[in-house]
file protein.cif (mmCIF, C-alpha atoms)
data_model
loop_
_atom_site.label_atom_id
_atom_site.label_comp_id
_atom_site.auth_asym_id
_atom_site.auth_seq_id
_atom_site.Cartn_x
_atom_site.Cartn_y
_atom_site.Cartn_z
CA MET A 533 -64.38 -24.78 129.92
CA ASP A 534 -61.05 -25.95 131.44
CA ASN A 535 -62.06 -29.52 130.62
CA LEU A 536 -62.56 -28.75 126.93
CA TYR A 537 -59.96 -28.64 124.14
CA PHE A 538 -61.26 -27.15 120.89
CA GLY A 539 -64.73 -27.75 122.30
CA ILE A 540 -64.05 -31.45 122.94
CA ASP A 541 -63.65 -33.13 126.32
CA ASN A 542 -59.95 -33.22 127.30
CA THR A 543 -59.84 -36.98 127.81
CA TYR A 544 -61.49 -37.80 124.48
CA PHE A 545 -59.35 -35.30 122.58
CA GLY A 546 -56.21 -36.61 124.27
CA LEU A 547 -57.06 -40.20 123.36
CA ALA A 548 -57.79 -39.13 119.78
CA CYS A 549 -54.32 -37.52 119.64
CA CYS A 550 -52.82 -40.78 120.95
CA LEU A 551 -54.51 -42.72 118.15
CA PHE A 552 -53.36 -40.18 115.56
CA SER A 553 -49.78 -40.39 116.86
CA GLY A 554 -49.87 -44.17 116.86
CA LEU A 555 -51.19 -44.32 113.29
CA PHE A 556 -48.52 -41.97 111.93
CA PHE A 557 -45.64 -43.41 113.98
CA GLY A 558 -46.62 -46.90 112.82
CA SER A 559 -46.93 -45.95 109.14
CA MET A 560 -44.00 -43.56 108.72
CA PHE A 561 -41.48 -46.24 107.67
CA GLY A 562 -43.72 -47.29 104.78
CA PRO A 563 -42.38 -44.72 102.26
CA LEU A 564 -38.81 -45.91 102.97
CA LYS A 565 -39.45 -49.63 102.84
CA LYS A 566 -38.77 -50.28 99.16
CA HIS A 567 -35.80 -47.93 98.82
CA GLU A 568 -32.14 -48.48 99.58
CA THR A 569 -31.39 -46.62 102.85
CA ARG A 570 -28.16 -48.39 103.94
CA ASP A 571 -26.98 -46.87 107.24
CA GLY A 572 -29.82 -44.32 107.29
CA PHE A 573 -27.75 -41.23 108.16
CA PHE A 574 -28.85 -39.30 105.08
CA VAL A 575 -32.47 -40.28 105.71
CA GLN A 576 -32.42 -39.12 109.33
CA TRP A 577 -30.87 -35.79 108.35
CA ILE A 578 -33.60 -35.11 105.74
CA GLN A 579 -36.14 -36.21 108.35
CA SER A 580 -34.74 -33.76 110.91
CA ALA A 581 -34.93 -30.87 108.42
CA CYS A 582 -38.64 -31.57 107.86
CA ILE A 583 -39.17 -31.82 111.61
CA PHE A 584 -37.54 -28.40 112.02
CA VAL A 585 -39.88 -26.86 109.41
CA VAL A 586 -42.95 -28.27 111.17
CA GLY A 587 -41.55 -26.93 114.45
CA MET A 588 -41.27 -23.42 112.98
CA VAL A 589 -44.90 -23.55 111.83
CA VAL A 590 -46.06 -24.62 115.30
CA ASN A 591 -43.90 -21.90 116.86
CA MET A 592 -45.53 -19.20 114.72
CA LEU A 593 -49.03 -20.53 115.46
CA ARG A 594 -48.21 -20.38 119.18
CA ASN A 595 -47.01 -16.74 118.84
CA GLN A 596 -43.37 -17.66 119.50
CA PRO A 597 -43.41 -18.73 123.17
CA ARG A 598 -40.28 -18.61 125.34
CA PHE A 599 -37.55 -20.93 124.08
CA GLU A 600 -36.66 -23.45 126.80
CA LEU A 601 -33.16 -24.78 126.19
CA GLY A 602 -33.82 -27.69 128.54
CA ALA A 603 -36.55 -28.97 126.23
CA ALA A 604 -34.01 -29.20 123.40
CA LEU A 605 -32.24 -31.93 125.38
CA GLY A 606 -35.13 -34.24 124.49
CA GLY A 607 -34.33 -33.56 120.85
CA LEU A 608 -30.71 -34.62 121.41
CA ILE A 609 -31.90 -37.84 123.05
CA PHE A 610 -34.22 -38.58 120.13
CA ALA A 611 -31.58 -37.82 117.48
CA THR A 612 -29.15 -40.17 119.22
CA SER A 613 -31.69 -43.00 119.20
CA ASN A 614 -32.85 -42.15 115.68
CA ILE A 615 -29.54 -43.06 114.04
CA MET A 616 -30.16 -46.66 115.15
CA THR A 617 -33.80 -47.07 114.09
CA ILE A 618 -33.36 -47.55 110.32
CA PRO A 619 -30.71 -50.31 110.64
CA ILE A 620 -33.01 -52.02 113.18
CA VAL A 621 -36.01 -51.75 110.84
CA ASN A 622 -33.94 -53.05 107.92
CA ASN A 623 -33.10 -56.17 109.94
CA PHE A 624 -36.22 -56.82 112.03
CA GLY A 625 -38.89 -55.17 109.88
CA ALA A 626 -40.83 -52.08 110.95
CA GLY A 627 -43.42 -54.04 112.92
CA LEU A 628 -41.09 -56.13 115.06
CA GLY A 629 -38.51 -53.36 115.37
CA ILE A 630 -41.01 -50.86 116.75
CA LEU A 631 -42.62 -53.47 118.98
CA ILE A 632 -39.31 -54.54 120.54
CA TRP A 633 -37.92 -51.08 121.26
CA GLY A 634 -41.44 -49.91 122.11
CA SER A 635 -41.66 -52.42 124.97
CA VAL A 636 -38.51 -51.02 126.54
CA GLN A 637 -39.70 -47.48 125.81
CA ILE A 638 -43.04 -48.14 127.51
CA THR A 639 -41.40 -49.49 130.66
CA PHE A 640 -38.88 -46.69 131.06
CA GLY A 641 -41.12 -43.82 129.98
CA TRP A 642 -44.13 -44.96 132.01
CA ALA A 643 -42.07 -45.65 135.15
CA THR A 644 -40.38 -42.25 134.89
CA ALA A 645 -43.72 -40.44 134.93
CA ARG A 646 -45.60 -42.77 137.28
CA PHE A 647 -42.98 -42.79 140.04
CA GLY A 648 -41.50 -39.33 139.48
CA LEU A 649 -37.98 -40.33 138.43
CA PHE A 650 -35.31 -37.80 137.36
CA GLY A 651 -36.91 -34.96 139.30
CA LEU A 652 -40.41 -35.26 137.82
CA ARG A 653 -43.60 -35.12 139.85
CA GLU A 654 -45.46 -38.38 140.39
CA GLN A 655 -48.36 -38.82 137.97
CA ILE A 656 -50.93 -41.07 139.66
CA PRO A 657 -53.80 -42.38 137.47
CA ASN A 658 -57.36 -42.38 138.77
CA ASP A 659 -57.42 -46.19 138.73
CA VAL A 660 -53.93 -47.36 139.67
CA VAL A 661 -54.69 -51.10 139.50
CA MET A 662 -56.20 -50.83 136.02
CA ASN A 663 -53.19 -48.80 134.90
CA TYR A 664 -50.78 -51.46 136.19
CA ILE A 665 -52.71 -54.26 134.49
CA GLY A 666 -52.83 -52.33 131.22
CA VAL A 667 -49.09 -51.64 131.24
CA ALA A 668 -48.36 -55.28 132.14
CA LEU A 669 -50.44 -56.47 129.18
CA THR A 670 -48.72 -54.09 126.78
CA LEU A 671 -45.35 -55.36 127.99
CA GLY A 672 -46.51 -58.97 127.74
CA SER A 673 -47.58 -58.38 124.17
CA GLY A 674 -44.10 -57.06 123.46
CA LEU A 675 -42.57 -60.37 124.56
CA MET A 676 -45.02 -62.20 122.28
CA PHE A 677 -44.15 -59.91 119.36
CA GLY A 678 -40.49 -60.75 119.91
CA LEU A 679 -41.24 -64.41 119.08
CA VAL A 680 -42.68 -63.53 115.67
CA LYS A 681 -40.24 -64.16 112.83
CA SER A 682 -39.95 -61.53 110.11
CA GLU A 683 -38.30 -61.87 106.71
CA SER A 684 -35.86 -59.13 105.75
CA ASN A 685 -36.93 -57.18 102.69
CA THR A 686 -33.59 -55.47 102.32
CA PRO A 687 -31.96 -56.52 99.01
CA ARG A 688 -28.28 -57.19 98.68
CA TYR A 689 -26.66 -55.43 95.75
CA SER A 690 -23.67 -56.62 93.81
CA THR A 691 -20.75 -54.19 93.79
CA GLU A 692 -19.60 -55.35 90.36
CA VAL A 693 -18.83 -52.45 88.05
CA ARG A 694 -20.07 -52.82 84.48
CA GLU A 695 -18.18 -50.71 81.99
CA HIS A 696 -20.04 -49.60 78.86
CA LYS A 697 -17.70 -49.61 75.87
CA ASP A 698 -19.35 -46.62 74.21
CA VAL A 699 -18.59 -44.30 77.13
CA GLU A 700 -15.25 -42.60 77.67
CA TYR A 701 -14.24 -42.61 81.31
CA SER A 702 -12.24 -39.95 83.14
CA PRO A 703 -11.76 -38.81 86.75
CA CYS A 704 -14.81 -36.58 86.25
CA ASN A 705 -16.79 -39.32 84.51
CA PRO A 706 -15.94 -42.63 86.27
CA PRO A 707 -17.56 -45.99 85.53
CA ILE A 708 -21.08 -46.17 86.95
CA LYS A 709 -22.02 -49.05 89.22
CA THR A 710 -25.15 -50.60 87.81
CA VAL A 711 -27.25 -53.45 89.11
CA SER A 712 -29.27 -55.90 87.07
CA SER A 713 -32.29 -57.76 88.37
CA LYS A 714 -30.23 -60.95 88.45
CA GLU A 715 -27.79 -59.36 90.85
CA ILE A 716 -30.42 -58.57 93.45
CA GLU A 717 -30.62 -61.36 95.97
CA GLN A 718 -32.51 -61.84 99.17
CA ALA A 719 -30.34 -61.07 102.18
CA PRO A 720 -28.76 -64.19 103.70
CA PRO A 721 -30.27 -65.64 106.89
CA LYS A 722 -29.29 -63.65 109.96
CA THR A 723 -26.94 -65.36 112.42
CA LEU A 724 -27.61 -65.45 116.17
CA LYS A 725 -24.77 -62.96 116.70
CA THR A 726 -26.37 -60.53 114.23
CA LYS A 727 -29.80 -60.92 115.82
CA LEU A 728 -28.38 -60.28 119.30
CA PHE A 729 -26.52 -57.21 118.06
CA TYR A 730 -29.64 -55.63 116.60
CA LEU A 731 -31.67 -56.71 119.63
CA ALA A 732 -29.17 -54.83 121.81
CA LEU A 733 -29.52 -51.79 119.53
CA ALA A 734 -33.31 -52.00 119.86
CA ILE A 735 -33.05 -52.11 123.67
CA ILE A 736 -30.72 -49.08 123.74
CA THR A 737 -33.07 -47.27 121.36
CA GLY A 738 -36.01 -48.03 123.65
CA LEU A 739 -34.14 -46.74 126.71
CA LEU A 740 -33.38 -43.46 124.95
CA LEU A 741 -36.84 -43.04 123.43
CA GLY A 742 -38.33 -43.61 126.86
CA GLN A 743 -36.83 -40.29 127.94
CA ILE A 744 -37.47 -38.00 124.96
CA LEU A 745 -40.25 -36.15 126.79
CA THR A 746 -38.64 -36.18 130.24
CA PRO A 747 -36.73 -32.88 129.75
CA VAL A 748 -39.96 -31.13 128.69
CA VAL A 749 -41.90 -32.44 131.69
CA TYR A 750 -38.97 -31.55 133.97
CA VAL A 751 -39.04 -27.95 132.75
CA GLN A 752 -42.80 -27.78 133.30
CA ASP A 753 -42.48 -29.18 136.82
CA ASN A 754 -39.40 -27.31 138.02
CA VAL A 755 -38.77 -24.10 136.05
CA GLU A 756 -40.55 -21.05 137.45
CA GLY A 757 -42.88 -19.41 134.95
CA ALA A 758 -42.63 -22.32 132.49
CA SER A 759 -45.66 -22.90 130.28
CA HIS A 760 -47.85 -25.93 130.93
CA GLU A 761 -49.01 -26.03 127.30
CA GLY A 762 -47.15 -28.86 125.57
CA LEU A 763 -47.15 -27.17 122.17
CA ASP A 764 -44.99 -24.36 123.56
CA TYR A 765 -42.06 -26.80 123.74
CA VAL A 766 -42.37 -28.27 120.26
CA PHE A 767 -40.00 -25.80 118.59
CA ALA A 768 -37.26 -26.16 121.22
CA HIS A 769 -37.56 -29.95 121.08
CA PHE A 770 -37.45 -29.97 117.27
CA CYS A 771 -34.49 -27.56 117.20
CA GLY A 772 -32.60 -30.01 119.39
CA ILE A 773 -33.38 -32.77 116.89
CA PHE A 774 -32.24 -30.78 113.85
CA ALA A 775 -29.05 -29.47 115.48
CA SER A 776 -28.04 -32.88 116.83
CA SER A 777 -28.88 -34.70 113.59
CA THR A 778 -26.82 -32.18 111.61
CA ILE A 779 -23.82 -32.71 113.90
CA PHE A 780 -24.17 -36.50 113.61
CA PHE A 781 -24.39 -36.24 109.82
CA ILE A 782 -21.25 -34.07 109.66
CA ILE A 783 -19.36 -36.59 111.81
CA TYR A 784 -20.65 -39.37 109.55
CA CYS A 785 -19.41 -37.50 106.44
CA ILE A 786 -15.98 -37.05 108.04
CA ILE A 787 -15.78 -40.75 108.89
CA LYS A 788 -16.83 -41.64 105.33
CA LYS A 789 -14.20 -39.21 103.98
CA SER A 790 -16.80 -36.98 102.32
CA ARG A 791 -18.36 -39.93 100.51
CA PRO A 792 -21.61 -40.58 102.42
CA PHE A 793 -24.27 -42.87 101.00
CA VAL A 794 -26.79 -40.55 99.33
CA ASN A 795 -29.63 -42.05 97.31
CA ALA A 796 -31.51 -39.37 95.36
CA GLU A 797 -34.59 -41.58 95.17
CA ILE A 798 -34.91 -41.56 98.96
CA ILE A 799 -35.24 -37.77 99.34
CA LEU A 800 -39.02 -37.47 98.83
CA PRO A 801 -39.81 -40.61 100.89
CA SER A 802 -37.60 -39.16 103.65
CA VAL A 803 -39.55 -35.89 103.51
CA ILE A 804 -42.81 -37.82 103.95
CA TYR A 805 -41.22 -39.88 106.73
CA GLY A 806 -40.02 -36.79 108.60
CA THR A 807 -43.29 -34.89 108.20
CA MET A 808 -45.32 -37.85 109.48
CA TRP A 809 -43.05 -38.16 112.50
CA ALA A 810 -43.30 -34.44 113.26
CA LEU A 811 -47.11 -34.38 113.07
CA ALA A 812 -47.32 -37.50 115.24
CA MET A 813 -45.01 -35.90 117.80
CA VAL A 814 -47.08 -32.70 117.90
CA ALA A 815 -50.16 -34.79 118.65
CA TRP A 816 -48.21 -36.60 121.37
CA PHE A 817 -47.30 -33.30 123.02
CA ILE A 818 -51.01 -32.46 123.16
CA SER A 819 -52.02 -35.86 124.55
CA ASN A 820 -49.24 -35.69 127.12
CA LYS A 821 -50.72 -32.47 128.48
CA LEU A 822 -54.34 -33.65 128.45
CA LEU A 823 -53.84 -37.19 129.77
CA SER A 824 -50.47 -37.12 131.60
CA GLN A 825 -47.40 -39.06 130.51
CA ALA A 826 -48.35 -42.09 132.65
CA ILE A 827 -51.44 -42.51 130.42
CA SER A 828 -50.28 -41.33 126.99
CA PHE A 829 -46.89 -43.04 126.97
CA PRO A 830 -48.04 -46.70 126.99
CA ILE A 831 -50.72 -45.95 124.38
CA VAL A 832 -48.59 -43.95 121.93
CA THR A 833 -45.66 -46.35 122.15
CA ARG A 834 -47.67 -49.57 121.67
CA ILE A 835 -50.10 -48.64 118.86
CA PRO A 836 -47.31 -47.90 116.30
CA GLY A 837 -46.00 -51.44 116.56
CA VAL A 838 -49.47 -52.87 115.95
CA ILE A 839 -49.97 -50.60 112.93
CA ALA A 840 -46.51 -51.38 111.52
CA ALA A 841 -47.09 -55.12 112.01
CA CYS A 842 -50.29 -54.84 109.99
CA TRP A 843 -48.33 -53.14 107.19
CA ASP A 844 -45.75 -55.96 107.33
CA VAL A 845 -48.46 -58.63 107.06
CA PHE A 846 -50.89 -57.17 104.55
CA TYR A 847 -48.72 -54.97 102.32
CA PHE A 848 -45.03 -55.82 102.59
CA LYS A 849 -45.67 -59.56 103.22
CA SER A 850 -42.62 -59.83 105.49
CA ILE A 851 -44.47 -61.82 108.17
CA LYS A 852 -45.74 -65.17 106.89
CA GLY A 853 -46.70 -68.63 108.14
CA LYS A 854 -49.61 -69.88 110.22
CA ARG A 855 -47.64 -69.93 113.48
CA ASN A 856 -46.30 -66.41 113.02
CA LEU A 857 -49.65 -64.95 112.01
CA THR A 858 -51.48 -66.67 114.88
CA LEU A 859 -48.93 -65.48 117.43
CA LEU A 860 -49.04 -61.99 115.96
CA ALA A 861 -52.85 -61.87 116.11
CA VAL A 862 -52.87 -62.94 119.77
CA ALA A 863 -50.15 -60.42 120.61
CA ILE A 864 -52.07 -57.61 118.91
CA CYS A 865 -55.24 -58.51 120.84
CA VAL A 866 -53.33 -58.51 124.14
CA ALA A 867 -51.71 -55.18 123.23
CA LEU A 868 -55.04 -53.56 122.35
CA VAL A 869 -56.63 -54.75 125.61
CA GLY A 870 -53.68 -53.27 127.48
CA VAL A 871 -53.98 -49.96 125.62
CA VAL A 872 -57.73 -49.78 126.36
CA LEU A 873 -57.15 -50.44 130.08
CA VAL A 874 -54.46 -47.76 130.27
CA GLY A 875 -56.83 -45.31 128.58
CA LEU A 876 -59.69 -46.18 130.94
CA SER A 877 -57.42 -45.78 133.99
CA LYS A 878 -57.49 -42.03 133.32
#
call {"tool": "encode", "arguments": {"input": "protein.cif", "output": "structure tokens"}}
result
Amino acid sequence: MDNLYFGIDNTYFGLACCLFSGLFFGSMFGPLKKHETRDGFFVQWIQSACIFVVGMVVNMLRNQPRFELGAALGGLIFATSNIMTIPIVNNFGAGLGILIWGSVQITFGWATARFGLFGLREQIPNDVVMNYIGVALTLGSGLMFGLVKSESNTPRYSTEVREHKDVEYSPCNPPIKTVSSKEIEQAPPKTLKTKLFYLALAIITGLLLGQILTPVVYVQDNVEGASHEGLDYVFAHFCGIFASSTIFFIIYCIIKKSRPFVNAEIILPSVIYGTMWALAMVAWFISNKLLSQAISFPIVTRIPGVIAACWDVFYFKSIKGKRNLTLLAVAICVALVGVVLVGLSK
């Protein structure tokens, strides 16, 4: 019975959780895509509130296990990386953005678990050679994805203020900035300097995301009496996310002199975005326990990019051209072969 989870073989259930996580992580930016998010601070704070609510539900279902403060450190790491993801997605597109930072995330997260970095125990797959080949292919696909060109869907809005003559203006009723369809233009072509800046942000994001589960695994490996059930750390991890995101949002409001960018239309999409992330993360906690981080990490961090790229091609139409589509198709095939090999190495 130890090899069964809800009556299903551990390996199969763990792989199913990986696929679920990948699907939700890869689709979560969809609700935000056609809305003005700007710097994304308001979005990430709404997201963190939804994550906290999901964490409370999981905590109650798990009968309120011991709160491990160390696990909350992973939430801080995620929140720090999260403030960079929306600007990256706005400039690279969800598909390419996730695929670029995902490649760095795969390398760092997989190596941490496989070789026991930062005080973790080594996690050796049953078939080491197959695991290495699978990880190499997923990384190779990331380099191929980086060559795919994506068109920015982020509109540029005119800041011209149109005053309506039939409205009396006062300090409490100032002129409203309105935008006509003629004032919405496609964003100008990105310069090399801009591309390199956001590429650097994506690399930093990947380095941070590669360690979001390390504090949890460290607690499991080194703290006496710590639970080995991944779900018991969800609430602590999510509390770290909400607390850190709130602090970042307060700092942002101070910097903006109490005039943060808040778009009312983005609230519900942000709720959907945050809930999808939280559910995907819960599934990742489960797969991490059943498969080990050396197996789950490359799978969960590569599939989202493939899913997001499909959204960019078939729905948002931000990836076009025969060369781009051919390169993308080859990269996806290489990535999927790598994911399958990593899964089989279990």
call {"tool": "resolve_selection", "arguments": {"input": "protein.cif", "expression": "the PyMOL selection byres ((chain A and resi 615) around 12)", "output": "ChimeraX atom specification"}}
result
/A:569-577,579-580,608-614,616-621,733-734,736-737,740-741,773,776-781,784
call {"tool": "resolve_selection", "arguments": {"input": "protein.cif", "expression": "the PyMOL selection byres ((chain A and resi 810) around 10)", "output": "list in words"}}
result
Ser553, Phe556, Phe557, Gln579, Ser580, Cys582, Ile583, Phe584, Val585, Val586, Gly587, Val766, Phe770, Ile804, Tyr805, Gly806, Thr807, Met808, Trp809, Leu811, Ala812, Met813, Val814, Ala815 and Trp816 of chain A
call {"tool": "closest_residue", "arguments": {"input": "protein.cif", "among": "A:Leu628, A:Ile578, A:Leu731, A:Ile540", "to": "Ile839 in chain A", "atoms": "only C-alpha atoms"}}
result
A:Leu628
call {"tool": "axis_aligned_box", "arguments": {"input": "protein.cif", "around": "range 841-848 of chain A", "padding_each_side": "3 Å", "output": "JSON"}}
result
{"center_x": -48.0, "center_y": -55.9, "center_z": 107.2, "size_x": 11.9, "size_y": 11.5, "size_z": 15.7}
call {"tool": "atom_distance", "arguments": {"input": "protein.cif", "atom1": "CA of Glu568 in chain A", "atom2": "CA of Pro792 in chain A"}}
result
13.5 Å
call {"tool": "atom_distance", "arguments": {"input": "protein.cif", "atom1": "CA of Ile827 in chain A", "atom2": "CA of Ala645 in chain A"}}
result
9.2 Å
call {"tool": "resolve_selection", "arguments": {"input": "protein.cif", "expression": "the PyMOL selection byres ((chain A and resi 548) around 12)", "output": "number ranges by chain"}}
result
A: 537, 540-547, 549-555, 812, 815-816, 818-820, 822-823, 828, 831-832, 875
call {"tool": "residues_around", "arguments": {"input": "protein.cif", "residues": "range 855-869 of chain A", "least_positions_apart": "5", "cutoff": "10 Å", "atoms": "only C-alpha atoms", "output": "count of residues only"}}
result
31
call {"tool": "closest_residue", "arguments": {"input": "protein.cif", "among": "A:Leu652, A:Ile638, A:Leu601, A:Leu876", "to": "Val749 in chain A", "atoms": "only C-alpha atoms"}}
result
A:Leu652
call {"tool": "atom_distance", "arguments": {"input": "protein.cif", "atom1": "CA of Ile656 in chain A", "atom2": "CA of Thr746 in chain A"}}
result
16.2 Å
call {"tool": "closest_residue", "arguments": {"input": "protein.cif", "among": "A:Ile744, A:Ile782, A:Leu593, A:Met662", "to": "Phe640 in chain A", "atoms": "only C-alpha atoms"}}
result
A:Ile744
call {"tool": "residues_around", "arguments": {"input": "protein.cif", "residues": "Asn591 in chain A", "least_positions_apart": "2", "cutoff": "10 Å", "atoms": "all atoms listed in the file", "output": "NGL selection string"}}
result
:A and (585-589 or 593-599 or 763-768)
call {"tool": "residues_around", "arguments": {"input": "protein.cif", "residues": "Trp633 in chain A", "least_positions_apart": "2", "cutoff": "7 Å", "atoms": "only C-alpha atoms", "output": "PyMOL selection string"}}
result
chain A and resi 629-631+635-637+734-735+737-738
